[in-house]
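Trainee: The file below is my_file-v4.cif, mmCIF, C-alpha atoms:
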data_coords
#
loop_
_atom_site.label_atom_id
_atom_site.label_comp_id
_atom_site.auth_asym_id
_atom_site.auth_seq_id
_atom_site.Cartn_x
_atom_site.Cartn_y
_atom_site.Cartn_z
CA MET A 30 -13.18 21.12 -20.06
CA SER A 31 -10.81 21.24 -23.06
CA SER A 32 -11.96 20.12 -26.49
CA ALA A 33 -9.38 17.32 -26.46
CA SER A 34 -10.65 15.81 -23.24
CA THR A 35 -14.28 16.27 -24.35
CA SER A 36 -13.70 14.37 -27.56
CA LEU A 37 -11.81 11.61 -25.77
CA LEU A 38 -14.32 10.91 -23.01
CA PRO A 39 -17.51 12.99 -23.09
CA VAL A 40 -19.27 13.05 -19.75
CA GLY A 41 -22.91 12.10 -20.11
CA ALA A 42 -25.48 9.32 -19.95
CA ASN A 43 -23.47 7.07 -22.27
CA LEU A 44 -20.47 7.21 -19.95
CA GLY A 45 -22.67 6.27 -16.99
CA TRP A 46 -24.12 3.26 -18.78
CA VAL A 47 -20.71 2.04 -19.95
CA LEU A 48 -19.27 2.34 -16.43
CA ALA A 49 -22.24 0.44 -15.00
CA VAL A 50 -21.86 -2.35 -17.55
CA LEU A 51 -18.10 -2.66 -16.94
CA LEU A 52 -18.57 -2.75 -13.16
CA ALA A 53 -21.32 -5.34 -13.48
CA ALA A 54 -19.08 -7.46 -15.70
CA ALA A 55 -16.22 -7.24 -13.19
CA VAL A 56 -18.53 -8.30 -10.36
CA ALA A 57 -20.13 -11.10 -12.37
CA VAL A 58 -16.84 -12.61 -13.55
CA THR A 59 -15.30 -12.39 -10.08
CA ALA A 60 -18.36 -14.07 -8.57
CA ALA A 61 -18.67 -16.74 -11.26
CA ALA A 62 -15.00 -17.69 -10.99
CA ARG A 63 -15.15 -17.48 -7.15
CA LEU A 64 -12.01 -15.34 -7.09
CA SER A 65 -11.91 -15.11 -3.30
CA PRO A 66 -9.54 -16.61 -0.72
CA ASP A 67 -12.42 -18.77 0.59
CA GLN A 68 -13.71 -19.49 -2.94
CA GLY A 69 -16.89 -17.60 -2.08
CA PHE A 70 -18.36 -14.29 -3.19
CA GLY A 71 -16.54 -11.97 -0.80
CA ARG A 72 -14.20 -10.57 -3.44
CA ALA A 73 -17.08 -9.89 -5.82
CA ARG A 74 -18.75 -7.77 -3.15
CA GLU A 75 -15.45 -5.94 -2.65
CA VAL A 76 -15.27 -5.18 -6.39
CA LEU A 77 -18.80 -3.76 -6.33
CA THR A 78 -18.10 -1.72 -3.20
CA ALA A 79 -14.82 -0.42 -4.61
CA GLY A 80 -16.50 0.74 -7.82
CA VAL A 81 -19.33 2.52 -6.03
CA ARG A 82 -16.94 4.10 -3.51
CA ALA A 83 -14.67 5.32 -6.30
CA ALA A 84 -17.61 7.06 -8.00
CA VAL A 85 -18.79 8.71 -4.80
CA GLN A 86 -15.30 9.75 -3.71
CA LEU A 87 -14.37 11.21 -7.09
CA LEU A 88 -17.61 13.16 -7.22
CA ALA A 89 -16.89 14.55 -3.76
CA VAL A 90 -13.30 15.43 -4.62
CA SER A 91 -14.38 17.08 -7.87
CA ALA A 92 -16.81 19.21 -5.89
CA VAL A 93 -14.25 20.47 -3.37
CA ILE A 94 -11.00 20.38 -5.32
CA GLY A 95 -11.28 24.03 -6.34
CA TRP A 96 -11.42 25.13 -2.70
CA VAL A 97 -8.70 22.69 -1.61
CA VAL A 98 -6.07 23.83 -4.11
CA SER A 99 -6.56 27.50 -3.27
CA SER A 100 -6.98 27.29 0.52
CA ARG A 101 -4.06 27.40 2.95
CA ALA A 102 -6.01 25.32 5.45
CA GLY A 103 -7.66 23.04 2.91
CA LEU A 104 -4.44 21.81 1.28
CA PRO A 105 -2.72 20.35 4.37
CA ALA A 106 -6.04 18.98 5.63
CA PHE A 107 -6.60 17.16 2.35
CA LEU A 108 -3.06 15.77 2.32
CA ILE A 109 -3.47 14.49 5.90
CA LEU A 110 -6.76 12.87 4.91
CA MET A 111 -5.08 11.14 1.98
CA TYR A 112 -2.34 9.85 4.25
CA ALA A 113 -4.75 8.66 6.95
CA VAL A 114 -6.89 6.74 4.47
CA ALA A 115 -3.79 5.14 2.95
CA VAL A 116 -2.52 4.04 6.37
CA ARG A 117 -5.87 2.56 7.34
CA THR A 118 -6.25 0.78 4.01
CA ALA A 119 -2.71 -0.61 3.98
CA GLY A 120 -2.76 -1.65 7.62
CA ARG A 121 -6.05 -3.50 7.37
CA ARG A 122 -4.95 -5.24 4.19
CA ILE A 123 -1.86 -6.56 5.95
CA THR A 124 -3.32 -7.66 9.28
CA ALA A 125 -6.55 -7.67 11.25
CA ASN A 126 -4.95 -7.18 14.65
CA GLY A 127 -3.83 -4.07 16.49
CA SER A 128 -0.48 -3.85 14.73
CA TRP A 129 -2.10 -2.43 11.55
CA TRP A 130 -1.22 1.16 12.50
CA TRP A 131 2.49 0.44 11.94
CA ALA A 132 1.70 0.83 8.22
CA ALA A 133 1.91 4.57 8.92
CA VAL A 134 5.69 4.31 9.23
CA PRO A 135 6.72 3.01 5.77
CA ILE A 136 4.23 5.26 3.97
CA ALA A 137 5.37 8.42 5.76
CA ALA A 138 9.08 7.56 5.71
CA SER A 139 9.04 6.93 1.97
CA VAL A 140 6.75 9.72 0.73
CA ALA A 141 7.69 12.65 2.98
CA PRO A 142 11.40 12.86 1.98
CA ALA A 143 10.51 12.60 -1.71
CA ILE A 144 7.96 15.42 -1.52
CA ALA A 145 10.35 17.55 0.56
CA LEU A 146 13.10 17.06 -2.03
CA LEU A 147 10.81 17.99 -4.90
CA LEU A 148 9.58 21.13 -3.15
CA ALA A 149 13.08 22.15 -2.03
CA THR A 150 14.51 21.86 -5.54
CA GLY A 151 11.58 23.71 -7.10
CA LEU A 152 10.64 20.82 -9.39
CA VAL A 153 7.17 20.86 -7.85
CA PRO A 154 5.77 24.33 -7.07
CA PRO A 155 4.21 24.70 -3.61
CA ARG A 156 0.71 25.00 -5.03
CA GLY A 157 -2.18 22.67 -4.39
CA ILE A 158 -2.78 21.98 -8.06
CA ALA A 159 0.73 20.49 -8.29
CA VAL A 160 1.27 19.09 -4.78
CA ILE A 161 -1.99 17.13 -4.53
CA PRO A 162 -1.63 14.92 -7.63
CA ILE A 163 2.09 14.25 -7.10
CA THR A 164 1.58 13.41 -3.42
CA GLY A 165 -1.41 11.23 -4.28
CA ILE A 166 0.58 9.25 -6.82
CA LEU A 167 3.46 8.68 -4.39
CA ILE A 168 1.18 7.77 -1.47
CA GLY A 169 -0.65 5.32 -3.73
CA GLY A 170 2.63 3.70 -4.74
CA ALA A 171 3.78 3.46 -1.13
CA LEU A 172 0.43 1.97 -0.12
CA THR A 173 0.66 -0.76 -2.75
CA ALA A 174 4.27 -1.61 -1.90
CA THR A 175 3.56 -1.69 1.84
CA VAL A 176 0.56 -3.99 1.44
CA LEU A 177 2.36 -6.42 -0.86
CA ALA A 178 5.52 -6.51 1.24
CA GLY A 179 3.61 -6.96 4.49
CA ARG A 180 1.25 -9.66 3.27
CA GLN A 181 3.89 -11.65 1.44
CA SER A 182 6.38 -11.43 4.31
CA LEU A 183 3.85 -12.65 6.85
CA SER A 184 2.71 -15.42 4.51
CA ALA A 185 6.29 -16.61 3.98
CA LEU A 186 6.97 -16.63 7.71
CA ALA A 187 3.80 -18.61 8.38
CA GLN A 188 4.63 -21.21 5.75
CA ARG A 189 8.32 -21.51 6.63
CA HIS A 190 8.25 -21.09 10.40
CA GLY A 191 10.34 -24.25 10.74
CA GLU A 192 13.22 -22.55 8.96
CA VAL A 193 12.97 -19.62 11.36
CA GLU A 194 13.22 -22.04 14.28
CA ALA A 195 16.23 -23.67 12.62
CA GLY A 196 17.92 -20.30 12.33
CA LEU A 197 17.29 -19.62 16.01
CA ALA A 198 18.78 -23.00 16.86
CA LEU A 199 21.91 -22.05 14.95
CA GLY A 200 22.34 -18.93 17.07
CA MET A 201 20.74 -16.29 14.86
CA THR A 202 18.74 -13.51 16.47
CA GLU A 203 14.99 -13.68 15.93
CA ARG A 204 15.11 -10.58 13.74
CA ASP A 205 17.84 -12.02 11.52
CA ALA A 206 16.15 -15.41 11.22
CA ARG A 207 12.82 -13.87 10.28
CA ILE A 208 14.24 -11.36 7.81
CA GLU A 209 16.17 -14.04 5.93
CA ILE A 210 12.92 -15.90 5.28
CA ALA A 211 10.75 -12.85 4.59
CA ARG A 212 13.14 -10.86 2.37
CA PRO A 213 12.70 -12.84 -0.89
CA ALA A 214 8.92 -12.68 -0.59
CA ALA A 215 8.90 -8.97 0.28
CA SER A 216 11.12 -8.15 -2.70
CA ASP A 217 8.31 -9.23 -5.04
CA ALA A 218 6.42 -6.12 -3.94
CA LEU A 219 8.73 -4.12 -6.22
CA LEU A 220 7.68 -6.02 -9.35
CA PRO A 221 4.54 -3.99 -10.27
CA GLY A 222 6.51 -0.74 -10.21
CA LEU A 223 9.40 -2.26 -12.11
CA ASP A 224 7.12 -3.68 -14.80
CA GLN A 225 5.30 -0.37 -15.16
CA THR A 226 8.58 1.49 -15.60
CA ARG A 227 10.02 -1.07 -18.03
CA THR A 228 6.99 -1.06 -20.31
CA VAL A 229 6.08 2.64 -20.20
CA GLY A 230 5.44 3.94 -23.69
CA LEU A 231 5.51 0.44 -25.16
CA VAL A 232 2.59 -1.28 -23.42
CA THR A 233 0.90 1.52 -21.48
CA LEU A 234 0.69 5.30 -21.51
CA PRO A 235 0.41 6.30 -17.81
CA GLY A 236 -2.09 8.80 -16.47
CA ALA A 237 0.27 11.70 -15.87
CA PHE A 238 1.52 11.55 -19.46
CA VAL A 239 -1.94 11.31 -20.99
CA GLY A 240 -3.34 13.97 -18.68
CA MET A 241 -0.69 16.49 -19.66
CA LEU A 242 -1.20 15.77 -23.34
CA LEU A 243 -4.93 16.33 -22.97
CA GLY A 244 -4.15 19.59 -21.17
CA GLY A 245 -2.17 20.80 -24.16
CA ALA A 246 1.37 20.21 -22.89
CA ASP A 247 4.27 19.53 -25.22
CA PRO A 248 4.80 15.73 -25.61
CA LEU A 249 8.46 16.06 -24.59
CA VAL A 250 7.51 17.89 -21.38
CA ALA A 251 4.78 15.34 -20.66
CA GLY A 252 7.29 12.52 -21.12
CA ALA A 253 9.79 14.18 -18.77
CA VAL A 254 7.12 14.59 -16.07
CA GLN A 255 6.04 10.96 -16.43
CA LEU A 256 9.65 9.78 -16.18
CA PHE A 257 10.09 11.83 -13.03
CA VAL A 258 6.95 10.25 -11.53
CA LEU A 259 8.09 6.71 -12.36
CA ILE A 260 11.58 7.17 -10.91
CA ALA A 261 10.18 8.80 -7.78
CA LEU A 262 7.74 5.92 -7.41
CA MET A 263 10.53 3.36 -7.57
CA ALA A 264 12.44 5.20 -4.85
CA VAL A 265 9.34 5.50 -2.65
CA GLN A 266 8.42 1.85 -3.08
CA ALA A 267 11.95 0.63 -2.36
CA VAL A 268 11.97 2.53 0.94
CA ALA A 269 8.45 1.38 1.84
CA VAL A 270 9.28 -2.28 1.20
CA THR A 271 12.51 -2.09 3.18
CA ILE A 272 10.84 -0.53 6.22
CA THR A 273 7.86 -2.89 6.08
CA LEU A 274 10.20 -5.88 5.96
CA GLU A 275 12.04 -4.58 9.01
CA LEU A 276 8.80 -4.04 10.92
CA VAL A 277 7.67 -7.58 10.16
CA ALA A 278 11.05 -9.04 11.11
CA ARG A 279 10.97 -7.24 14.45
CA ARG A 280 7.35 -8.35 15.11
CA HIS A 281 5.97 -4.84 15.10
CA ILE A 282 3.59 -6.01 12.37
CA THR A 283 2.09 -9.41 13.14
CA ALA A 284 -0.71 -11.54 11.75
CA GLY A 285 -3.58 -13.60 13.03
CA GLN A 286 -3.30 -12.71 16.71
CA PRO A 287 -5.62 -9.96 17.97
CA GLY A 288 -3.97 -7.53 20.29
CA GLY A 289 -0.80 -6.76 18.38
CA PRO A 290 2.86 -7.38 19.29
CA ARG A 291 2.39 -6.99 23.04
CA ALA A 292 -0.30 -9.67 23.13
CA THR A 293 1.90 -11.88 20.97
CA ARG A 294 4.78 -11.63 23.46
CA ILE A 295 2.44 -12.37 26.37
CA ARG A 296 1.10 -15.49 24.64
CA ARG A 297 4.60 -16.72 23.81
CA PHE A 298 5.65 -16.22 27.43
CA SER A 299 2.57 -18.11 28.64
CA VAL A 300 3.23 -21.02 26.29
CA HIS A 301 6.85 -21.12 27.43
CA ARG A 302 5.79 -21.30 31.07
CA GLN A 303 3.29 -24.05 30.31
CA ARG A 304 6.00 -26.12 28.64
CA THR A 305 8.60 -25.53 31.34
CA PRO A 306 8.75 -28.65 33.56
CA VAL A 307 8.22 -28.07 37.22
CA THR A 308 10.90 -29.59 39.43
CA PRO A 309 9.32 -31.26 42.45
CA GLN A 310 10.51 -29.96 45.78
CA PRO A 311 12.01 -32.52 48.19
#
What's the structure tokens form of this structure?

Mentor:
Amino acid sequence: MSSASTSLLPVGANLGWVLAVLLAAAVAVTAAARLSPDQGFGRAREVLTAGVRAAVQLLAVSAVIGWVVSSRAGLPAFLILMYAVAVRTAGRRITANGSWWWAAVPIAASVAPAIALLLATGLVPPRGIAVIPITGILIGGALTATVLAGRQSLSALAQRHGEVEAGLALGMTERDARIEIARPAASDALLPGLDQTRTVGLVTLPGAFVGMLLGGADPLVAGAVQLFVLIALMAVQAVAVTITLELVARRHITAGQPGGPRATRIRRFSVHRQRTPVTPQP
């Protein structure tokens, strides 16, 4: 560990106690304020679980990262694991039914072209020590954008389903009617990335910038790398939001109905048949 990083955050008993106190404070405040959708303690338990999981996962990654970055088999396996965890996390945050796996599409379609472009142009060398952090940052950004776009789109459609029906009555296709309602809500998923980019250097100093400075890099080089990360993130998130919105509009991603899109169509057909009057035979 470099002297700069040691002086900034020495790893020892004090760090452990401070982390424990901060996590306990986060759990206590979340529980006391009942910051959960049902006004219970579910979110407080999630905060505690997230903190403990983060510690365990980072310890595990720290233990194997040396092998991963130098192994031809370890690098792609680790990248696939990152992607799989992101898909599972994003999908389950959006919906509890079988359509959660569609979250794989916006994450892959947004991150893969960006990484391919960076490798093809030589901006990112094809080495694990460079590919892993850049890919992790982009997958994390795509995950956040996909979750926000999916949840907010489905929420808007649930609250304004009457407007969707009105659009259908006016002759719009179901996809067009749904996307007109969901688009404004989905667009809000871009706000965290936009705010981070707008305030960089003024309000926050992002991790890539600080990490390079601690590693001894020139501040100008560190700033250029951070700018590259922020711009790439905005591109990735824009693609992820657009694809997620399309998937929701076409009912590939649905909410509140176990079984996914196929089960949804079956139920709608059954309801239609129940409402269809039966003409008595003479």

Trainee: Could you tell me which of A:Val76, A:Ile94, A:Ala138, A:Ala267 comes closest to Ser216 (chain A) if we count all atoms listed in the file?

Mentor: A:Ala267

Trainee: Run through the PyMOL selection byres ((chain A and resi 221-224) around 10) on the given coordinates and return the selected residues as a PyMOL selection string.

Mentor: chain A and resi 170+173-174+177+217-220+225-229+259-260+262-264+266-267

Trainee: Using all atoms listed in the file, determine which residues lie at most 9 Å from Ala60 (chain A), disregarding the query and same-chain residues fewer than 3 positions distant; provide the list as a PyMOL selection string.

Mentor: chain A and resi 55-57+63-65+69-74

Trainee: Hey, can you check how far CA of Arg212 (chain A) sits from CA of Ile272 (chain A)?

Mentor: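 Interatomic distance here is 11.3 Å.
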
Trainee: Skip Leu152 (chain A) itself and residues of its chain fewer than 5 positions away, then list as a ChimeraX atom specification all residues within 12 Å of it, counting all atoms listed in the file.

Mentor: /A:143-147,159-160,163,253-254,257-258

Trainee: Between A:Val116, A:Ala83, A:Ala211, A:Leu44, which one has atoms that come closest to Trp129 (chain A), using only C-alpha atoms?

Mentor: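 For Trp129 (chain A), the nearest of the given residues is A:Val116.
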
Trainee: I'd like the residues picked by the PyMOL selection byres ((chain A and resi 140) around 9) written out as a list in words, using the chain letters and numbers from the file.

Mentor: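 Evaluating the PyMOL selection byres ((chain A and resi 140) around 9) on these coordinates yields Pro135, Ile136, Ala137, Ala138, Ser139, Ala141, Pro142, Ala143, Ile144, Ala145, Thr164, Leu167, Ile168, Ala171, Val265, Gln266, Val268 and Ala269 of chain A.
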
Trainee: What's the separation between CA of Gly196 (chain A) and CA of Ile282 (chain A), in Å to one decimal place?

Mentor: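 Here the two named atoms are 20.2 Å from each other.
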
Trainee: Between A:His281, A:Asp67, A:Thr150, A:Ser100, which residue has the minimum interatomic distance to Ser128 (chain A), considering all atoms listed in the file?

Mentor: A:His281

Trainee: Write only C-alpha atoms for region 184-282 of chain A from the block just shown, as a short mmCIF file (atom, residue, chain, number, x, y, z; two decimals), in the first residue's frame.

Mentor:
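Result saved to part_21.cif:
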data_model
loop_
_atom_site.label_atom_id
_atom_site.label_comp_id
_atom_site.auth_asym_id
_atom_site.auth_seq_id
_atom_site.Cartn_x
_atom_site.Cartn_y
_atom_site.Cartn_z
CA SER A 184 -45.31 2.73 -11.46
CA ALA A 185 -46.45 5.39 -13.94
CA LEU A 186 -48.37 2.82 -15.98
CA ALA A 187 -50.08 1.47 -12.87
CA GLN A 188 -51.12 4.93 -11.71
CA ARG A 189 -52.20 6.20 -15.13
CA HIS A 190 -53.68 3.07 -16.69
CA GLY A 191 -56.80 5.05 -17.60
CA GLU A 192 -54.75 7.22 -19.93
CA VAL A 193 -53.36 4.12 -21.61
CA GLU A 194 -56.91 2.90 -22.18
CA ALA A 195 -57.81 6.31 -23.59
CA GLY A 196 -54.93 6.10 -26.03
CA LEU A 197 -56.08 2.66 -27.15
CA ALA A 198 -59.58 4.03 -27.67
CA LEU A 199 -58.14 6.72 -29.92
CA GLY A 200 -56.53 4.09 -32.13
CA MET A 201 -52.99 4.00 -30.75
CA THR A 202 -51.17 0.70 -30.56
CA GLU A 203 -50.66 -0.69 -27.08
CA ARG A 204 -46.92 -0.11 -27.32
CA ASP A 205 -47.36 3.53 -28.33
CA ALA A 206 -49.98 4.21 -25.66
CA ARG A 207 -47.83 2.69 -22.93
CA ILE A 208 -44.60 4.37 -23.99
CA GLU A 209 -46.20 7.81 -24.05
CA ILE A 210 -47.15 7.41 -20.39
CA ALA A 211 -43.95 5.70 -19.24
CA ARG A 212 -41.39 7.87 -21.07
CA PRO A 213 -41.46 10.93 -18.76
CA ALA A 214 -41.08 8.75 -15.68
CA ALA A 215 -38.29 6.66 -17.22
CA SER A 216 -36.35 9.76 -18.22
CA ASP A 217 -35.85 10.60 -14.53
CA ALA A 218 -33.50 7.62 -14.34
CA LEU A 219 -30.89 9.78 -16.09
CA LEU A 220 -30.89 12.41 -13.34
CA PRO A 221 -28.36 10.79 -10.93
CA GLY A 222 -25.78 10.49 -13.71
CA LEU A 223 -26.47 13.99 -14.96
CA ASP A 224 -26.14 15.49 -11.47
CA GLN A 225 -22.91 13.59 -10.84
CA THR A 226 -21.42 14.87 -14.10
CA ARG A 227 -22.60 18.45 -13.55
CA THR A 228 -21.16 18.71 -10.05
CA VAL A 229 -17.92 16.77 -10.51
CA GLY A 230 -15.01 18.66 -9.02
CA LEU A 231 -17.34 21.17 -7.36
CA VAL A 232 -19.37 19.02 -4.97
CA THR A 233 -17.72 15.60 -5.19
CA LEU A 234 -14.42 14.07 -6.22
CA PRO A 235 -15.34 10.68 -7.76
CA GLY A 236 -13.57 7.44 -6.95
CA ALA A 237 -11.60 7.04 -10.16
CA PHE A 238 -10.10 10.51 -9.78
CA VAL A 239 -9.20 10.07 -6.12
CA GLY A 240 -7.88 6.56 -6.69
CA MET A 241 -5.50 7.68 -9.40
CA LEU A 242 -4.26 10.57 -7.29
CA LEU A 243 -3.57 8.20 -4.40
CA GLY A 244 -1.72 5.95 -6.83
CA GLY A 245 0.60 8.81 -7.76
CA ALA A 246 -0.90 9.81 -11.12
CA ASP A 247 -0.65 13.33 -12.47
CA PRO A 248 -3.80 15.34 -11.54
CA LEU A 249 -4.40 16.26 -15.20
CA VAL A 250 -4.29 12.59 -16.24
CA ALA A 251 -6.57 11.63 -13.33
CA GLY A 252 -9.04 14.32 -14.40
CA ALA A 253 -9.01 13.10 -18.01
CA VAL A 254 -9.70 9.52 -16.91
CA GLN A 255 -12.56 10.63 -14.67
CA LEU A 256 -14.07 12.69 -17.49
CA PHE A 257 -13.89 9.68 -19.76
CA VAL A 258 -15.67 7.55 -17.14
CA LEU A 259 -18.44 10.11 -16.64
CA ILE A 260 -19.11 10.55 -20.36
CA ALA A 261 -19.09 6.79 -20.92
CA LEU A 262 -21.52 6.39 -18.03
CA MET A 263 -23.94 8.88 -19.54
CA ALA A 264 -23.88 7.02 -22.85
CA VAL A 265 -24.37 3.64 -21.14
CA GLN A 266 -27.23 4.91 -18.99
CA ALA A 267 -29.00 6.58 -21.92
CA VAL A 268 -28.98 3.29 -23.85
CA ALA A 269 -30.05 1.27 -20.80
CA VAL A 270 -32.99 3.58 -20.07
CA THR A 271 -34.13 3.58 -23.70
CA ILE A 272 -34.09 -0.21 -23.96
CA THR A 273 -35.76 -0.69 -20.57
CA LEU A 274 -38.53 1.71 -21.57
CA GLU A 275 -39.10 -0.24 -24.77
CA LEU A 276 -39.23 -3.55 -22.91
CA VAL A 277 -41.80 -2.18 -20.49
CA ALA A 278 -43.88 -0.67 -23.29
CA ARG A 279 -43.95 -4.00 -25.13
CA ARG A 280 -44.86 -5.89 -21.91
CA HIS A 281 -41.68 -7.92 -21.85
CA ILE A 282 -41.11 -6.53 -18.36
#
